[in-house]
>>> print(open('entry_22.csv').read())   # CSV, C-alpha atoms
chain,number,residue,atom,x,y,z
A,1172,TYR,CA,15.8,-2.0,-16.2
A,1173,GLU,CA,15.5,-5.0,-13.9
A,1174,ILE,CA,11.9,-5.5,-15.0
A,1175,ALA,CA,12.9,-5.4,-18.6
A,1176,GLN,CA,15.6,-8.0,-18.0
A,1177,CYS,CA,13.1,-10.2,-16.2
A,1178,LEU,CA,10.8,-10.1,-19.3
A,1179,VAL,CA,13.7,-10.8,-21.7
A,1180,GLY,CA,14.8,-13.7,-19.5
A,1181,SER,CA,11.3,-15.1,-19.5
A,1182,GLU,CA,11.2,-16.4,-23.1
A,1183,MET,CA,10.3,-19.9,-22.0
A,1184,CYS,CA,7.3,-18.7,-20.0
A,1185,ILE,CA,6.1,-16.5,-22.8
A,1186,ARG,CA,6.7,-19.2,-25.4
A,1187,ASP,CA,4.7,-21.7,-23.4
A,1188,SER,CA,2.0,-19.2,-22.8
A,1189,SER,CA,1.6,-18.6,-26.5
A,1190,LYS,CA,1.3,-22.3,-27.2
A,1191,SER,CA,-1.5,-22.6,-24.8
A,1192,SER,CA,-3.4,-19.4,-25.6
A,1193,ASN,CA,-6.5,-20.0,-27.6
A,1194,SER,CA,-6.6,-16.4,-28.9
A,1195,ALA,CA,-3.2,-16.5,-30.5
A,1196,VAL,CA,-2.7,-17.8,-34.0
A,1197,ALA,CA,-0.4,-20.9,-33.8
A,1198,LYS,CA,3.1,-19.6,-34.0
A,1199,ASN,CA,6.3,-21.4,-35.2
A,1200,SER,CA,9.5,-21.2,-33.3
A,1201,ASN,CA,10.7,-18.2,-35.3
A,1202,SER,CA,7.7,-16.0,-34.6
A,1203,LYS,CA,8.0,-12.9,-32.5
A,1204,ARG,CA,6.4,-13.0,-29.1
A,1205,ILE,CA,3.8,-10.3,-28.7
A,1206,ILE,CA,3.8,-8.4,-25.4
A,1207,VAL,CA,1.2,-5.7,-24.7
A,1208,LEU,CA,2.3,-3.2,-22.0
A,1209,ASP,CA,-0.5,-1.4,-20.3
A,1210,PRO,CA,0.5,1.9,-18.5
A,1211,GLY,CA,-2.1,2.2,-15.8
A,1212,HIS,CA,-4.5,5.2,-15.6
A,1213,GLY,CA,-4.3,8.2,-17.9
A,1214,GLY,CA,-6.3,11.3,-18.9
A,1215,GLN,CA,-8.7,12.4,-16.2
A,1216,ASP,CA,-7.6,9.5,-14.1
A,1217,PRO,CA,-4.2,10.4,-12.5
A,1218,GLY,CA,-4.0,7.2,-10.4
A,1219,ALA,CA,-1.9,7.5,-7.2
A,1220,ILE,CA,-0.3,10.8,-6.3
A,1221,GLY,CA,3.3,10.6,-5.0
A,1222,CYS,CA,4.8,12.5,-2.1
A,1223,THR,CA,6.1,15.1,-4.6
A,1224,GLY,CA,2.9,15.4,-6.4
A,1225,VAL,CA,3.9,13.2,-9.2
A,1226,TYR,CA,1.1,11.3,-10.9
A,1227,GLU,CA,1.0,7.6,-11.3
A,1228,LYS,CA,-0.3,7.9,-14.8
A,1229,ASN,CA,2.9,9.6,-15.9
A,1230,ILE,CA,5.2,7.2,-14.1
A,1231,THR,CA,3.5,4.2,-15.7
A,1232,LEU,CA,3.6,5.6,-19.2
A,1233,ALA,CA,7.3,6.5,-18.8
A,1234,MET,CA,8.1,3.0,-17.6
A,1235,ALA,CA,6.1,1.4,-20.4
A,1236,ARG,CA,7.9,3.4,-23.0
A,1237,GLU,CA,11.3,2.5,-21.6
A,1238,LEU,CA,10.4,-1.2,-21.3
A,1239,LYS,CA,9.2,-1.2,-24.9
A,1240,LYS,CA,12.6,0.3,-26.1
A,1241,ILE,CA,14.6,-2.3,-24.1
A,1242,LEU,CA,12.5,-5.3,-25.0
A,1243,GLU,CA,12.5,-4.5,-28.8
A,1244,LYS,CA,16.3,-4.5,-28.8
A,1245,ASP,CA,15.7,-8.3,-28.6
A,1246,SER,CA,14.5,-9.5,-32.0
A,1247,ARG,CA,12.3,-12.2,-30.3
A,1248,TYR,CA,9.7,-9.6,-29.2
A,1249,LYS,CA,7.2,-7.2,-30.6
A,1250,VAL,CA,5.8,-4.8,-28.1
A,1251,TYR,CA,2.6,-2.7,-28.1
A,1252,LEU,CA,1.3,-0.1,-25.6
A,1253,THR,CA,-2.4,0.2,-24.8
A,1254,ARG,CA,-1.7,4.0,-24.7
A,1255,ASN,CA,1.2,6.1,-25.7
A,1256,ARG,CA,0.0,9.4,-24.5
A,1257,ASP,CA,-2.0,10.9,-21.6
A,1258,VAL,CA,-5.4,9.6,-22.5
A,1259,PHE,CA,-8.1,7.7,-20.6
A,1260,ILE,CA,-8.8,4.2,-21.8
A,1261,PRO,CA,-11.6,2.1,-20.1
A,1262,LEU,CA,-10.3,-1.1,-18.4
A,1263,ARG,CA,-12.3,-3.4,-20.7
A,1264,GLU,CA,-10.9,-1.6,-23.8
A,1265,ARG,CA,-7.3,-2.4,-22.5
A,1266,VAL,CA,-8.2,-6.1,-22.5
A,1267,ARG,CA,-9.7,-5.8,-26.0
A,1268,ILE,CA,-6.5,-4.2,-27.2
A,1269,ALA,CA,-4.4,-7.1,-25.9
A,1270,ARG,CA,-6.7,-9.6,-27.6
A,1271,ARG,CA,-6.7,-7.6,-30.8
A,1272,TYR,CA,-2.9,-7.9,-31.0
A,1273,LYS,CA,-3.2,-11.6,-30.1
A,1274,ALA,CA,-0.8,-11.0,-27.2
A,1275,ASP,CA,1.3,-13.7,-25.7
A,1276,LEU,CA,1.5,-11.7,-22.5
A,1277,PHE,CA,-0.3,-8.7,-21.1
A,1278,LEU,CA,1.5,-6.7,-18.4
A,1279,SER,CA,-0.4,-3.9,-16.7
A,1280,ILE,CA,2.0,-1.4,-15.0
A,1281,HIS,CA,1.0,0.5,-11.8
A,1282,ALA,CA,2.5,2.2,-8.8
A,1283,ASP,CA,0.8,2.4,-5.5
A,1284,SER,CA,0.4,4.9,-2.6
A,1285,ALA,CA,-0.1,4.3,1.1
A,1286,LEU,CA,-0.7,6.3,4.3
A,1287,ASN,CA,2.5,4.7,5.7
A,1288,LYS,CA,5.1,6.9,4.1
A,1289,ASN,CA,7.7,4.2,4.7
A,1290,ALA,CA,5.8,1.5,2.7
A,1291,LYS,CA,8.0,0.2,-0.1
A,1292,GLY,CA,8.2,-2.9,-2.2
A,1293,LEU,CA,7.1,-4.4,-5.5
A,1294,SER,CA,4.2,-6.8,-5.9
A,1295,VAL,CA,2.6,-8.8,-8.7
A,1296,TYR,CA,-1.0,-9.7,-9.2
A,1297,THR,CA,-2.8,-12.4,-11.2
A,1298,LEU,CA,-6.5,-13.1,-11.4
A,1299,SER,CA,-8.2,-14.8,-8.5
A,1300,GLU,CA,-10.3,-18.0,-8.8
A,1301,THR,CA,-13.4,-16.2,-7.6
A,1302,ALA,CA,-13.1,-13.4,-10.1
A,1303,SER,CA,-12.4,-15.8,-12.9
A,1304,ASP,CA,-15.5,-18.0,-12.3
A,1305,LYS,CA,-17.8,-14.9,-12.2
A,1306,GLU,CA,-16.2,-13.5,-15.3
A,1307,ALA,CA,-16.5,-16.7,-17.2
A,1308,ALA,CA,-20.3,-16.8,-16.5
A,1309,ALA,CA,-20.7,-13.1,-17.4
A,1310,LEU,CA,-18.6,-13.5,-20.5
A,1311,ALA,CA,-20.8,-16.3,-21.9
A,1312,GLU,CA,-24.0,-14.2,-21.4
A,1313,ARG,CA,-22.6,-10.9,-22.6
A,1314,GLU,CA,-21.1,-12.2,-25.8
A,1315,ASN,CA,-24.1,-14.5,-26.6
A,1316,LYS,CA,-21.8,-17.4,-27.1
A,1317,ALA,CA,-20.5,-16.2,-30.5
A,1318,ASP,CA,-16.7,-16.4,-31.1
A,1319,VAL,CA,-15.7,-15.1,-27.7
A,1320,ILE,CA,-12.5,-17.1,-27.8
A,1321,ALA,CA,-10.9,-17.4,-31.3
A,1322,GLY,CA,-11.5,-20.7,-32.9
A,1323,LEU,CA,-14.6,-21.6,-30.8
A,1324,ASN,CA,-18.1,-20.7,-32.0
A,1325,PHE,CA,-20.1,-21.0,-28.8
A,1326,ALA,CA,-23.3,-20.6,-30.8
A,1327,GLU,CA,-22.9,-24.2,-31.9
A,1328,HIS,CA,-22.9,-25.5,-28.4
A,1329,SER,CA,-25.4,-25.8,-25.5
A,1330,LYS,CA,-25.1,-23.4,-22.6
A,1331,GLU,CA,-23.6,-26.1,-20.5
A,1332,VAL,CA,-20.9,-27.0,-23.0
A,1333,SER,CA,-20.2,-23.3,-23.7
A,1334,ASP,CA,-19.7,-22.6,-20.0
A,1335,ILE,CA,-17.3,-25.5,-19.7
A,1336,LEU,CA,-15.2,-24.4,-22.8
A,1337,ILE,CA,-14.9,-20.8,-21.5
A,1338,ASN,CA,-14.0,-22.1,-18.0
A,1339,LEU,CA,-11.3,-24.4,-19.3
A,1340,ALA,CA,-9.8,-21.7,-21.5
A,1341,GLN,CA,-9.7,-19.2,-18.7
A,1342,ARG,CA,-8.3,-21.7,-16.2
A,1343,GLU,CA,-5.5,-22.5,-18.6
A,1344,THR,CA,-4.8,-18.8,-19.1
A,1345,MET,CA,-4.8,-18.3,-15.3
A,1346,ASN,CA,-2.2,-21.1,-14.9
A,1347,ARG,CA,0.0,-19.5,-17.5
A,1348,SER,CA,-0.4,-16.1,-15.8
A,1349,SER,CA,0.6,-17.5,-12.4
A,1350,GLU,CA,3.5,-19.3,-14.0
A,1351,PHE,CA,4.9,-16.1,-15.4
A,1352,ALA,CA,4.2,-14.2,-12.2
A,1353,ASN,CA,6.1,-16.7,-10.1
A,1354,PHE,CA,9.0,-16.5,-12.5
A,1355,MET,CA,8.9,-12.7,-12.4
A,1356,VAL,CA,9.0,-12.7,-8.6
A,1357,GLN,CA,12.0,-15.1,-8.5
A,1358,GLU,CA,13.9,-12.9,-10.9
A,1359,MET,CA,13.0,-9.6,-9.3
A,1360,ARG,CA,13.9,-10.8,-5.9
A,1361,LYS,CA,17.6,-10.8,-6.9
A,1362,SER,CA,17.7,-7.0,-7.3
A,1363,VAL,CA,14.5,-5.3,-6.1
A,1364,LYS,CA,12.8,-4.8,-2.8
A,1365,LEU,CA,9.6,-7.0,-2.7
A,1366,LEU,CA,6.5,-6.9,-0.5
A,1367,ASP,CA,5.8,-10.0,1.6
A,1368,ASN,CA,3.6,-12.5,-0.2
A,1369,THR,CA,4.7,-10.8,-3.4
A,1370,HIS,CA,2.5,-12.8,-5.8
A,1371,ARG,CA,-1.1,-11.8,-4.9
A,1372,PHE,CA,-4.5,-12.5,-6.4
A,1373,ALA,CA,-7.3,-10.1,-7.1
A,1374,GLY,CA,-10.2,-9.5,-9.5
A,1375,PHE,CA,-8.6,-6.6,-11.6
A,1376,ALA,CA,-10.7,-6.0,-14.7
A,1377,VAL,CA,-7.6,-5.8,-16.9
A,1378,LEU,CA,-6.6,-9.3,-16.0
A,1379,LYS,CA,-9.8,-10.9,-17.2
A,1380,ALA,CA,-9.1,-11.8,-20.8
A,1381,PRO,CA,-10.0,-15.4,-21.2
A,1382,ASP,CA,-7.2,-16.2,-23.6
A,1383,VAL,CA,-4.3,-13.9,-22.9
A,1384,PRO,CA,-1.9,-14.5,-19.9
A,1385,ALA,CA,-2.0,-11.4,-17.8
A,1386,VAL,CA,-0.1,-10.0,-14.9
A,1387,LEU,CA,-0.5,-6.7,-13.0
A,1388,LEU,CA,2.8,-5.2,-11.7
A,1389,GLU,CA,2.7,-2.7,-8.8
A,1390,MET,CA,6.2,-1.2,-9.0
A,1391,GLY,CA,6.2,0.2,-5.5
A,1392,TYR,CA,4.8,3.2,-3.5
A,1393,LEU,CA,5.0,6.7,-4.8
A,1394,SER,CA,4.2,7.8,-1.3
A,1395,ASN,CA,7.5,6.5,0.1
A,1396,LEU,CA,9.6,9.4,1.4
A,1397,SER,CA,12.8,7.9,-0.1
A,1398,LEU,CA,11.3,8.8,-3.5
A,1399,ILE,CA,11.2,12.5,-2.7
A,1400,HIS,CA,13.7,13.1,-5.7
A,1401,ILE,CA,11.2,11.7,-8.3
A,1402,SER,CA,9.7,14.4,-10.5
A,1403,GLU,CA,7.3,14.2,-13.4
A,1404,PRO,CA,8.8,12.4,-16.4
A,1405,THR,CA,9.6,14.5,-19.4
A,1406,ARG,CA,6.7,14.4,-21.8
A,1407,HIS,CA,7.2,13.6,-25.5
>>> encode(input="entry_22.csv", output="structure tokens")
Amino acid sequence: YEIAQCLVGSEMCIRDSSKSSNSAVAKNSNSKRIIVLDPGHGGQDPGAIGCTGVYEKNITLAMARELKKILEKDSRYKVYLTRNRDVFIPLRERVRIARRYKADLFLSIHADSALNKNAKGLSVYTLSETASDKEAAALAERENKADVIAGLNFAEHSKEVSDILINLAQRETMNRSSEFANFMVQEMRKSVKLLDNTHRFAGFAVLKAPDVPAVLLEMGYLSNLSLIHISEPTRH
């Protein structure tokens, strides 16, 4: 619930992100903000396994469904899930789904596990500089410069100009992602146990859309013994 309230309270961050996102069609002040929730893992990939045997893939799906219900009670938001059942979706396909919906925000939902059974706390990740620079270069090569970012036809530009355009777009997206992550940490701190250095940086593949602000949320540790009461969510 606290996570949903945080997202509802972040309208300014989401609105600003949509203004800056090159993938999103220009939106007027009355447009709904599009949020894509990404329940981590699925299908043959269970993710972390909790101290009770609960699978991360089921916890993340249950959380995403609940978040969607809460968020869509607010008329400002339209929410999509990358998966709504127990199915495996490749990481890059999750990114493509977010871009297909022209998302203003992409939130990938996870839960960790650790050898230390007392480990607990929430953390938030955004894309690291190093990962972004490598991804920008690979993106230009892989997509052959053609319409990688909506509104920009890289085929019309030299390699040097194309690389600069991709880099600028992705850096702007990274800034918006970090802005939202910082807001999220500030809000969650009021009611949720956080890890030290809560806002972290890594090269997660699902964070690498060049034009969609993206954050990965690690809700906590399923291995924590205080969660011994958690069982598999009811399947629908």
>>> residues_near_point(input="entry_22.csv", point="(3.5, 0.9, -5.8)", cutoff="7 Å", atoms="only C-alpha atoms", output="list of chain:residue names")
A:His1281, A:Ala1282, A:Asp1283, A:Ser1284, A:Leu1293, A:Glu1389, A:Met1390, A:Gly1391, A:Tyr1392, A:Leu1393
>>> closest_residue(input="entry_22.csv", among="A:Leu1252, A:Met1359, A:Ile1337, A:Leu1298", to="Gly1374 (chain A)", atoms="only C-alpha atoms")
A:Leu1298
>>> closest_atom_pairs(input="entry_22.csv", of="region 1242-1277 of chain A", to="region 1209-1221 of chain A", cutoff="12 Å", atoms="only C-alpha atoms", output="CSV")
residue,atom,partner,partner_atom,distance
A:Val1250,CA,A:Asp1209,CA,10.6
A:Tyr1251,CA,A:Asp1209,CA,8.5
A:Leu1252,CA,A:Asp1209,CA,5.7
A:Thr1253,CA,A:Asp1209,CA,5.1
A:Arg1254,CA,A:Pro1210,CA,6.9
A:Asn1255,CA,A:Pro1210,CA,8.4
A:Arg1256,CA,A:Gly1213,CA,8.0
A:Asp1257,CA,A:Gly1214,CA,5.1
A:Val1258,CA,A:Gly1214,CA,4.1
A:Phe1259,CA,A:Gly1214,CA,4.4
A:Ile1260,CA,A:Gly1213,CA,7.2
A:Pro1261,CA,A:His1212,CA,9.0
A:Leu1262,CA,A:His1212,CA,9.0
A:Arg1263,CA,A:Asp1209,CA,12.0
A:Glu1264,CA,A:Asp1209,CA,11.0
A:Arg1265,CA,A:Asp1209,CA,7.2
A:Val1266,CA,A:Asp1209,CA,9.3
A:Arg1267,CA,A:Asp1209,CA,11.7
A:Ile1268,CA,A:Asp1209,CA,9.6
A:Ala1269,CA,A:Asp1209,CA,8.9
A:Ala1274,CA,A:Asp1209,CA,11.8
A:Leu1276,CA,A:Asp1209,CA,10.7
A:Phe1277,CA,A:Asp1209,CA,7.3
>>> closest_residue(input="entry_22.csv", among="A:Ser1294, A:Ile1280, A:Lys1330, A:Ser1362", to="Ile1230 (chain A)", atoms="only C-alpha atoms")
A:Ile1280
>>> closest_residue(input="entry_22.csv", among="A:Arg1204, A:Lys1291, A:Lys1273, A:Arg1247", to="Lys1364 (chain A)", atoms="all atoms listed in the file")
A:Lys1291
>>> decode(input="entry_22.csv", residues="region 1220-1366 of chain A", atoms="C-alpha atoms", output="PDB file, in the first residue's frame")
ATOM      1  CA  ILE A1220      12.929 -18.517  -3.064  1.00  0.00           C
ATOM      2  CA  GLY A1221      11.800 -17.445   0.393  1.00  0.00           C
ATOM      3  CA  CYS A1222      12.354 -19.133   3.729  1.00  0.00           C
ATOM      4  CA  THR A1223       8.906 -20.726   3.408  1.00  0.00           C
ATOM      5  CA  GLY A1224       9.472 -21.862  -0.165  1.00  0.00           C
ATOM      6  CA  VAL A1225       7.480 -18.978  -1.627  1.00  0.00           C
ATOM      7  CA  TYR A1226       8.604 -17.950  -5.124  1.00  0.00           C
ATOM      8  CA  GLU A1227       9.569 -14.377  -5.923  1.00  0.00           C
ATOM      9  CA  LYS A1228       7.719 -14.610  -9.259  1.00  0.00           C
ATOM     10  CA  ASN A1229       4.403 -15.067  -7.425  1.00  0.00           C
ATOM     11  CA  ILE A1230       5.024 -12.323  -4.873  1.00  0.00           C
ATOM     12  CA  THR A1231       5.937  -9.806  -7.578  1.00  0.00           C
ATOM     13  CA  LEU A1232       2.869 -10.656  -9.661  1.00  0.00           C
ATOM     14  CA  ALA A1233       0.571 -10.327  -6.648  1.00  0.00           C
ATOM     15  CA  MET A1234       2.140  -6.951  -5.790  1.00  0.00           C
ATOM     16  CA  ALA A1235       1.835  -5.675  -9.371  1.00  0.00           C
ATOM     17  CA  ARG A1236      -1.842  -6.646  -9.536  1.00  0.00           C
ATOM     18  CA  GLU A1237      -2.532  -4.908  -6.243  1.00  0.00           C
ATOM     19  CA  LEU A1238      -0.621  -1.793  -7.275  1.00  0.00           C
ATOM     20  CA  LYS A1239      -2.560  -1.636 -10.529  1.00  0.00           C
ATOM     21  CA  LYS A1240      -5.899  -1.792  -8.673  1.00  0.00           C
ATOM     22  CA  ILE A1241      -4.888   0.957  -6.254  1.00  0.00           C
ATOM     23  CA  LEU A1242      -3.344   3.244  -8.850  1.00  0.00           C
ATOM     24  CA  GLU A1243      -6.258   3.020 -11.263  1.00  0.00           C
ATOM     25  CA  LYS A1244      -8.615   4.274  -8.575  1.00  0.00           C
ATOM     26  CA  ASP A1245      -6.925   7.583  -9.382  1.00  0.00           C
ATOM     27  CA  SER A1246      -8.243   8.853 -12.729  1.00  0.00           C
ATOM     28  CA  ARG A1247      -4.849  10.340 -13.622  1.00  0.00           C
ATOM     29  CA  TYR A1248      -3.278   6.940 -14.286  1.00  0.00           C
ATOM     30  CA  LYS A1249      -3.535   4.096 -16.749  1.00  0.00           C
ATOM     31  CA  VAL A1250      -1.569   1.025 -15.659  1.00  0.00           C
ATOM     32  CA  TYR A1251      -0.368  -1.941 -17.691  1.00  0.00           C
ATOM     33  CA  LEU A1252       1.470  -5.090 -16.592  1.00  0.00           C
ATOM     34  CA  THR A1253       4.236  -6.726 -18.588  1.00  0.00           C
ATOM     35  CA  ARG A1254       2.727 -10.037 -17.502  1.00  0.00           C
ATOM     36  CA  ASN A1255      -0.529 -10.909 -15.753  1.00  0.00           C
ATOM     37  CA  ARG A1256       0.057 -14.633 -15.382  1.00  0.00           C
ATOM     38  CA  ASP A1257       2.867 -17.049 -14.600  1.00  0.00           C
ATOM     39  CA  VAL A1258       4.759 -16.790 -17.864  1.00  0.00           C
ATOM     40  CA  PHE A1259       8.393 -16.212 -18.788  1.00  0.00           C
ATOM     41  CA  ILE A1260       9.095 -12.946 -20.631  1.00  0.00           C
ATOM     42  CA  PRO A1261      12.635 -12.114 -21.811  1.00  0.00           C
ATOM     43  CA  LEU A1262      14.113  -8.969 -20.262  1.00  0.00           C
ATOM     44  CA  ARG A1263      14.367  -7.076 -23.531  1.00  0.00           C
ATOM     45  CA  GLU A1264      10.740  -7.883 -24.337  1.00  0.00           C
ATOM     46  CA  ARG A1265       9.714  -6.235 -21.057  1.00  0.00           C
ATOM     47  CA  VAL A1266      11.471  -3.071 -22.225  1.00  0.00           C
ATOM     48  CA  ARG A1267       9.735  -3.284 -25.602  1.00  0.00           C
ATOM     49  CA  ILE A1268       6.357  -3.596 -23.864  1.00  0.00           C
ATOM     50  CA  ALA A1269       6.994  -0.378 -21.931  1.00  0.00           C
ATOM     51  CA  ARG A1270       7.969   1.445 -25.119  1.00  0.00           C
ATOM     52  CA  ARG A1271       4.981  -0.001 -26.995  1.00  0.00           C
ATOM     53  CA  TYR A1272       2.641   1.526 -24.410  1.00  0.00           C
ATOM     54  CA  LYS A1273       4.614   4.809 -24.546  1.00  0.00           C
ATOM     55  CA  ALA A1274       5.057   4.574 -20.794  1.00  0.00           C
ATOM     56  CA  ASP A1275       5.741   7.642 -18.678  1.00  0.00           C
ATOM     57  CA  LEU A1276       7.221   5.366 -16.026  1.00  0.00           C
ATOM     58  CA  PHE A1277       8.404   1.758 -15.944  1.00  0.00           C
ATOM     59  CA  LEU A1278       8.607   0.086 -12.521  1.00  0.00           C
ATOM     60  CA  SER A1279      10.163  -3.372 -12.317  1.00  0.00           C
ATOM     61  CA  ILE A1280       9.150  -5.165  -9.108  1.00  0.00           C
ATOM     62  CA  HIS A1281      11.415  -7.667  -7.355  1.00  0.00           C
ATOM     63  CA  ALA A1282      12.130  -9.274  -3.974  1.00  0.00           C
ATOM     64  CA  ASP A1283      15.578 -10.464  -2.967  1.00  0.00           C
ATOM     65  CA  SER A1284      17.037 -13.320  -0.926  1.00  0.00           C
ATOM     66  CA  ALA A1285      20.238 -13.448   1.142  1.00  0.00           C
ATOM     67  CA  LEU A1286      22.313 -15.909   3.143  1.00  0.00           C
ATOM     68  CA  ASN A1287      21.888 -13.606   6.138  1.00  0.00           C
ATOM     69  CA  LYS A1288      18.400 -14.581   7.329  1.00  0.00           C
ATOM     70  CA  ASN A1289      18.090 -11.289   9.201  1.00  0.00           C
ATOM     71  CA  ALA A1290      18.689  -9.129   6.126  1.00  0.00           C
ATOM     72  CA  LYS A1291      15.779  -6.778   5.534  1.00  0.00           C
ATOM     73  CA  GLY A1292      15.015  -3.504   3.828  1.00  0.00           C
ATOM     74  CA  LEU A1293      13.838  -2.000   0.570  1.00  0.00           C
ATOM     75  CA  SER A1294      16.133  -0.676  -2.155  1.00  0.00           C
ATOM     76  CA  VAL A1295      15.656   1.122  -5.458  1.00  0.00           C
ATOM     77  CA  TYR A1296      17.850   0.853  -8.554  1.00  0.00           C
ATOM     78  CA  THR A1297      18.352   3.031 -11.596  1.00  0.00           C
ATOM     79  CA  LEU A1298      20.669   2.522 -14.552  1.00  0.00           C
ATOM     80  CA  SER A1299      24.362   3.200 -14.024  1.00  0.00           C
ATOM     81  CA  GLU A1300      26.386   5.542 -16.198  1.00  0.00           C
ATOM     82  CA  THR A1301      28.643   2.741 -17.410  1.00  0.00           C
ATOM     83  CA  ALA A1302      25.772   0.501 -18.435  1.00  0.00           C
ATOM     84  CA  SER A1303      24.065   3.386 -20.184  1.00  0.00           C
ATOM     85  CA  ASP A1304      27.056   4.347 -22.301  1.00  0.00           C
ATOM     86  CA  LYS A1305      27.606   0.756 -23.449  1.00  0.00           C
ATOM     87  CA  GLU A1306      23.902   0.342 -24.160  1.00  0.00           C
ATOM     88  CA  ALA A1307      23.772   3.549 -26.180  1.00  0.00           C
ATOM     89  CA  ALA A1308      26.570   2.318 -28.443  1.00  0.00           C
ATOM     90  CA  ALA A1309      25.057  -1.157 -28.855  1.00  0.00           C
ATOM     91  CA  LEU A1310      21.614   0.297 -29.501  1.00  0.00           C
ATOM     92  CA  ALA A1311      22.860   2.389 -32.401  1.00  0.00           C
ATOM     93  CA  GLU A1312      24.521  -0.624 -34.039  1.00  0.00           C
ATOM     94  CA  ARG A1313      21.726  -3.120 -33.407  1.00  0.00           C
ATOM     95  CA  GLU A1314      18.878  -0.993 -34.667  1.00  0.00           C
ATOM     96  CA  ASN A1315      20.863   0.316 -37.663  1.00  0.00           C
ATOM     97  CA  LYS A1316      20.010   3.901 -36.796  1.00  0.00           C
ATOM     98  CA  ALA A1317      16.396   3.609 -37.970  1.00  0.00           C
ATOM     99  CA  ASP A1318      13.720   5.060 -35.693  1.00  0.00           C
ATOM    100  CA  VAL A1319      15.195   3.709 -32.464  1.00  0.00           C
ATOM    101  CA  ILE A1320      13.733   6.646 -30.573  1.00  0.00           C
ATOM    102  CA  ALA A1321      10.351   7.886 -31.741  1.00  0.00           C
ATOM    103  CA  GLY A1322      10.558  11.011 -33.822  1.00  0.00           C
ATOM    104  CA  LEU A1323      14.259  10.577 -34.693  1.00  0.00           C
ATOM    105  CA  ASN A1324      15.266   8.791 -37.877  1.00  0.00           C
ATOM    106  CA  PHE A1325      18.910   8.033 -37.299  1.00  0.00           C
ATOM    107  CA  ALA A1326      19.334   6.868 -40.876  1.00  0.00           C
ATOM    108  CA  GLU A1327      19.358  10.529 -41.846  1.00  0.00           C
ATOM    109  CA  HIS A1328      22.394  11.269 -39.674  1.00  0.00           C
ATOM    110  CA  SER A1329      26.030  10.318 -39.571  1.00  0.00           C
ATOM    111  CA  LYS A1330      27.208   7.736 -37.037  1.00  0.00           C
ATOM    112  CA  GLU A1331      28.696  10.487 -34.880  1.00  0.00           C
ATOM    113  CA  VAL A1332      25.478  12.528 -34.809  1.00  0.00           C
ATOM    114  CA  SER A1333      23.363   9.409 -34.221  1.00  0.00           C
ATOM    115  CA  ASP A1334      25.514   8.384 -31.260  1.00  0.00           C
ATOM    116  CA  ILE A1335      25.180  11.859 -29.755  1.00  0.00           C
ATOM    117  CA  LEU A1336      21.377  11.882 -30.178  1.00  0.00           C
ATOM    118  CA  ILE A1337      20.990   8.465 -28.535  1.00  0.00           C
ATOM    119  CA  ASN A1338      23.334   9.457 -25.738  1.00  0.00           C
ATOM    120  CA  LEU A1339      21.479  12.708 -25.042  1.00  0.00           C
ATOM    121  CA  ALA A1340      18.100  10.981 -25.028  1.00  0.00           C
ATOM    122  CA  GLN A1341      19.270   8.256 -22.690  1.00  0.00           C
ATOM    123  CA  ARG A1342      20.997  10.656 -20.319  1.00  0.00           C
ATOM    124  CA  GLU A1343      17.818  12.694 -20.034  1.00  0.00           C
ATOM    125  CA  THR A1344      15.873   9.506 -19.312  1.00  0.00           C
ATOM    126  CA  MET A1345      18.426   8.496 -16.665  1.00  0.00           C
ATOM    127  CA  ASN A1346      18.058  11.883 -14.987  1.00  0.00           C
ATOM    128  CA  ARG A1347      14.289  11.472 -14.839  1.00  0.00           C
ATOM    129  CA  SER A1348      14.649   7.938 -13.512  1.00  0.00           C
ATOM    130  CA  SER A1349      16.974   9.113 -10.731  1.00  0.00           C
ATOM    131  CA  GLU A1350      14.636  11.981  -9.914  1.00  0.00           C
ATOM    132  CA  PHE A1351      11.743   9.585  -9.440  1.00  0.00           C
ATOM    133  CA  ALA A1352      13.870   7.093  -7.494  1.00  0.00           C
ATOM    134  CA  ASN A1353      14.989   9.813  -5.079  1.00  0.00           C
ATOM    135  CA  PHE A1354      11.391  10.899  -4.563  1.00  0.00           C
ATOM    136  CA  MET A1355      10.372   7.299  -3.981  1.00  0.00           C
ATOM    137  CA  VAL A1356      13.087   6.791  -1.351  1.00  0.00           C
ATOM    138  CA  GLN A1357      12.063   9.965   0.497  1.00  0.00           C
ATOM    139  CA  GLU A1358       8.434   8.880   0.607  1.00  0.00           C
ATOM    140  CA  MET A1359       9.078   5.241   1.494  1.00  0.00           C
ATOM    141  CA  ARG A1360      11.415   6.212   4.320  1.00  0.00           C
ATOM    142  CA  LYS A1361       8.388   7.489   6.245  1.00  0.00           C
ATOM    143  CA  SER A1362       6.855   4.034   6.663  1.00  0.00           C
ATOM    144  CA  VAL A1363       9.160   1.281   5.337  1.00  0.00           C
ATOM    145  CA  LYS A1364      12.472  -0.201   6.473  1.00  0.00           C
ATOM    146  CA  LEU A1365      15.137   0.783   3.920  1.00  0.00           C
ATOM    147  CA  LEU A1366      18.598  -0.534   3.177  1.00  0.00           C
TER     148      LEU A1366
END
